[in-house]
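Heads up: the structure comes next, in structure tokens.
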Amino acid sequence: NEDLRPKLRTGLLVRIVGLISATDWNGQLGVCDSPNEDGTRWTVRLQNDEDLGLIKSLKAENLEADISQASLHLYGVNFGEGIDEGFAALAAPKPQEDSAAAVARQERLREVRALLGKRNQARKLQKDLADQREQIHTAREEFLRQANKHSAIAKSLQRKKDEKFKHERDNEKEKEHHGLLLGKIDLARQRDAAHEYWDKIKAGHETQALRYISTMVATVASPARIVVEVARLRAHVKESLAKLRTEAGLVADRLREKRHQLEELQREERRATQPERPRGSQEQAAKRLRS
């Protein structure tokens, strides 16, 4: 098949395609060695790691040039695009070369190819290592950023917790103070209710006083305190009334004594201004005064 020969040549890196029976070989790379007489089949040296150097005879229609490889300049020979560097040098014709030298040369070329492959692998590993280092550096920076962010969030949460605790403590104090104020207000209201009740009692409005005290008992928090305040006020009023009665009795006694003294003075004054009477008349007047 003459139209296939320009596409395939010795040393060309090719890819196996279109196999039906041995589909596992599809996609593998190889290097063209030599064609058969009519050019329909080529011997190909496989290039994968497991089958390196294995020779297969394949149809030309199952081979296509791999253009991903760069051109090679080796020993002053340009093997063109997509030619394997090791096998291309090996395939270059060397006239007047005995078989032993050719074998040695082939071995050296295989070593060169192996070294070149290792160099490429080393470069790839170095590139992968650099990428991994860059990823590690990026990840480390991200970790530090997240750690700083987490630290800032933790500080903010702690500050908010402290503020919450302070607000709760202040709220408790305010509630306690509010309770004390309410207690004082309630106590003052109870005392005012008791005094208002007694004021109405003293004014003679007993019905209004009873209605007022009943209303106040229903509104205050501790109705019993109003009763206590009323009882305390009643005891105070009783005590004050008892003192007033005692003082009134003393004043009445002093008043009677003063009246008696006044009467004695008036009698003496009358005796001093009236002429002296007979003794019998005086005794009768004294009797009448005593009666």
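Each chain of the structure tokens is named A, B, ... in the order shown, its residues numbered from 1; ligands are numbered from 1 in display order.
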
Would you pick out the contacts of A:Thr219 at 10 Å or less, using only C-alpha atoms, so that residues sharing its chain but fewer than 5 positions from it are not included, and give the list as a PDB file with C-alpha atoms, in the first residue's frame?
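Okay, result.pdb is ready:
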ATOM      1  CA  ASP A 186     -46.010  48.283  98.881  1.00  0.00           C
ATOM      2  CA  ARG A 189     -49.084  51.882 100.399  1.00  0.00           C
ATOM      3  CA  GLN A 190     -50.122  49.575 103.233  1.00  0.00           C
ATOM      4  CA  SER A 214     -61.441  45.913 101.475  1.00  0.00           C
TER       5      SER A 214
END

In Å, rounded to a single decimal, give me how far atom CA of A:His177 is from atom CA of A:Lys160.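 Going from atom CA of A:Lys160 over to atom CA of A:His177 covers 25.2 Å.
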
Please provide the set of residues having any atom within 12 Å of A:Leu54, restricted to only C-alpha atoms, with same-chain residues fewer than 4 positions apart removed, written as a PyMOL selection string. chain A and resi 25+28-33+43-50

Expected file: the selected residues, N, CA and C atoms, as a PDB file, in the first residue's frame:
ATOM      1  N   TRP A  25      -3.842  -3.795  23.571  1.00  0.00           N
ATOM      2  CA  TRP A  25      -2.701  -3.100  22.987  1.00  0.00           C
ATOM      3  C   TRP A  25      -3.075  -1.708  22.470  1.00  0.00           C
ATOM      4  N   GLN A  28      -1.276   1.940  23.203  1.00  0.00           N
ATOM      5  CA  GLN A  28       0.117   1.854  23.607  1.00  0.00           C
ATOM      6  C   GLN A  28       1.028   2.452  22.528  1.00  0.00           C
ATOM      7  N   LEU A  29       2.190   2.916  22.978  1.00  0.00           N
ATOM      8  CA  LEU A  29       3.156   3.535  22.075  1.00  0.00           C
ATOM      9  C   LEU A  29       4.216   2.529  21.654  1.00  0.00           C
ATOM     10  N   GLY A  30       4.728   2.729  20.449  1.00  0.00           N
ATOM     11  CA  GLY A  30       5.810   1.902  19.941  1.00  0.00           C
ATOM     12  C   GLY A  30       6.622   2.667  18.895  1.00  0.00           C
ATOM     13  N   VAL A  31       7.733   2.053  18.465  1.00  0.00           N
ATOM     14  CA  VAL A  31       8.616   2.662  17.467  1.00  0.00           C
ATOM     15  C   VAL A  31       8.675   1.742  16.258  1.00  0.00           C
ATOM     16  N   CYS A  32       8.420   2.339  15.098  1.00  0.00           N
ATOM     17  CA  CYS A  32       8.462   1.540  13.865  1.00  0.00           C
ATOM     18  C   CYS A  32       9.890   1.043  13.621  1.00  0.00           C
ATOM     19  N   ASP A  33      10.000  -0.270  13.333  1.00  0.00           N
ATOM     20  CA  ASP A  33      11.312  -0.866  13.051  1.00  0.00           C
ATOM     21  C   ASP A  33      11.526  -1.018  11.545  1.00  0.00           C
ATOM     22  N   THR A  43       6.983  -4.077  11.779  1.00  0.00           N
ATOM     23  CA  THR A  43       7.417  -4.568  13.090  1.00  0.00           C
ATOM     24  C   THR A  43       7.595  -3.348  14.000  1.00  0.00           C
ATOM     25  N   VAL A  44       7.019  -3.434  15.190  1.00  0.00           N
ATOM     26  CA  VAL A  44       6.980  -2.296  16.114  1.00  0.00           C
ATOM     27  C   VAL A  44       7.560  -2.735  17.450  1.00  0.00           C
ATOM     28  N   ARG A  45       8.480  -1.918  17.998  1.00  0.00           N
ATOM     29  CA  ARG A  45       9.025  -2.148  19.345  1.00  0.00           C
ATOM     30  C   ARG A  45       8.187  -1.341  20.352  1.00  0.00           C
ATOM     31  N   LEU A  46       7.541  -2.050  21.279  1.00  0.00           N
ATOM     32  CA  LEU A  46       6.663  -1.385  22.268  1.00  0.00           C
ATOM     33  C   LEU A  46       7.492  -0.567  23.244  1.00  0.00           C
ATOM     34  N   GLN A  47       6.894   0.512  23.731  1.00  0.00           N
ATOM     35  CA  GLN A  47       7.618   1.474  24.571  1.00  0.00           C
ATOM     36  C   GLN A  47       7.093   1.566  26.005  1.00  0.00           C
ATOM     37  N   ASN A  48       6.053   0.835  26.338  1.00  0.00           N
ATOM     38  CA  ASN A  48       5.553   0.919  27.724  1.00  0.00           C
ATOM     39  C   ASN A  48       6.503   0.189  28.661  1.00  0.00           C
ATOM     40  N   ASP A  49       6.415   0.475  29.931  1.00  0.00           N
ATOM     41  CA  ASP A  49       7.378  -0.033  30.913  1.00  0.00           C
ATOM     42  C   ASP A  49       7.332  -1.544  31.021  1.00  0.00           C
ATOM     43  N   GLU A  50       6.139  -2.147  30.950  1.00  0.00           N
ATOM     44  CA  GLU A  50       6.023  -3.592  31.152  1.00  0.00           C
ATOM     45  C   GLU A  50       6.539  -4.362  29.935  1.00  0.00           C
TER      46      GLU A  50
END

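Atom pair atom CA of A:Glu37 / atom CA of A:Thr23: separated by 26.2 Å.
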
Give me, please, the distance in Å between atom CA of A:Ala218 and atom CA of A:Ala193, quoted to one decimal.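 Distance between the two atoms: 11.8 Å.
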
Find the residues around A:Ser34 up to 9 Å (only C-alpha atoms counted), leave out those fewer than 3 positions away in its own chain, and share them as a ChimeraX atom specification. /A:9-11,39,41-44

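Between A:Arg191 and the residues A:Val217, A:Leu58, A:Leu19, A:Arg271, the shortest atom-to-atom distance, using only C-alpha atoms, involves A:Val217.
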
Show me, as number ranges by chain, the residues that have an atom within 12 Å of A:Ile201 when counting only C-alpha atoms, minus same-chain residues fewer than 6 positions from it. A: 194-195, 207-213, 230, 234, 237

May I have the selected residues written with N, CA, C and O atoms, as a JSON list (two decimals), in the first residue's frame?
[["chain", "number", "residue", "atom", "x", "y", "z"],
["A", 194, "ALA", "N", -53.66, 52.05, 105.95],
["A", 194, "ALA", "CA", -54.07, 51.97, 107.36],
["A", 194, "ALA", "C", -54.42, 53.35, 107.91],
["A", 194, "ALA", "O", -55.44, 53.53, 108.60],
["A", 195, "HIS", "N", -53.61, 54.37, 107.61],
["A", 195, "HIS", "CA", -53.89, 55.72, 108.10],
["A", 195, "HIS", "C", -55.16, 56.29, 107.47],
["A", 195, "HIS", "O", -55.96, 56.95, 108.16],
["A", 207, "THR", "N", -68.63, 53.10, 106.89],
["A", 207, "THR", "CA", -68.93, 52.33, 105.67],
["A", 207, "THR", "C", -67.87, 52.57, 104.61],
["A", 207, "THR", "O", -67.36, 51.64, 103.97],
["A", 208, "GLN", "N", -67.51, 53.84, 104.41],
["A", 208, "GLN", "CA", -66.46, 54.16, 103.44],
["A", 208, "GLN", "C", -65.12, 53.56, 103.86],
["A", 208, "GLN", "O", -64.35, 53.08, 103.03],
["A", 209, "ALA", "N", -64.85, 53.60, 105.16],
["A", 209, "ALA", "CA", -63.59, 53.04, 105.65],
["A", 209, "ALA", "C", -63.52, 51.54, 105.39],
["A", 209, "ALA", "O", -62.49, 51.01, 104.97],
["A", 210, "LEU", "N", -64.63, 50.82, 105.62],
["A", 210, "LEU", "CA", -64.66, 49.39, 105.38],
["A", 210, "LEU", "C", -64.49, 49.08, 103.89],
["A", 210, "LEU", "O", -63.75, 48.16, 103.51],
["A", 211, "ARG", "N", -65.18, 49.84, 103.03],
["A", 211, "ARG", "CA", -65.05, 49.62, 101.58],
["A", 211, "ARG", "C", -63.61, 49.91, 101.12],
["A", 211, "ARG", "O", -63.05, 49.19, 100.29],
["A", 212, "TYR", "N", -63.03, 50.97, 101.68],
["A", 212, "TYR", "CA", -61.67, 51.35, 101.28],
["A", 212, "TYR", "C", -60.66, 50.27, 101.69],
["A", 212, "TYR", "O", -59.81, 49.87, 100.89],
["A", 213, "ILE", "N", -60.76, 49.80, 102.92],
["A", 213, "ILE", "CA", -59.80, 48.80, 103.39],
["A", 213, "ILE", "C", -59.96, 47.48, 102.64],
["A", 213, "ILE", "O", -58.99, 46.76, 102.37],
["A", 230, "VAL", "N", -53.05, 48.02, 110.55],
["A", 230, "VAL", "CA", -54.29, 48.50, 111.21],
["A", 230, "VAL", "C", -54.27, 48.16, 112.69],
["A", 230, "VAL", "O", -54.62, 48.99, 113.55],
["A", 234, "ARG", "N", -54.24, 50.73, 115.67],
["A", 234, "ARG", "CA", -55.27, 50.68, 116.72],
["A", 234, "ARG", "C", -54.63, 50.65, 118.10],
["A", 234, "ARG", "O", -55.08, 51.35, 119.02],
["A", 237, "VAL", "N", -53.35, 54.03, 118.83],
["A", 237, "VAL", "CA", -54.45, 54.96, 119.17],
["A", 237, "VAL", "C", -54.97, 54.68, 120.58],
["A", 237, "VAL", "O", -55.24, 55.62, 121.36]]
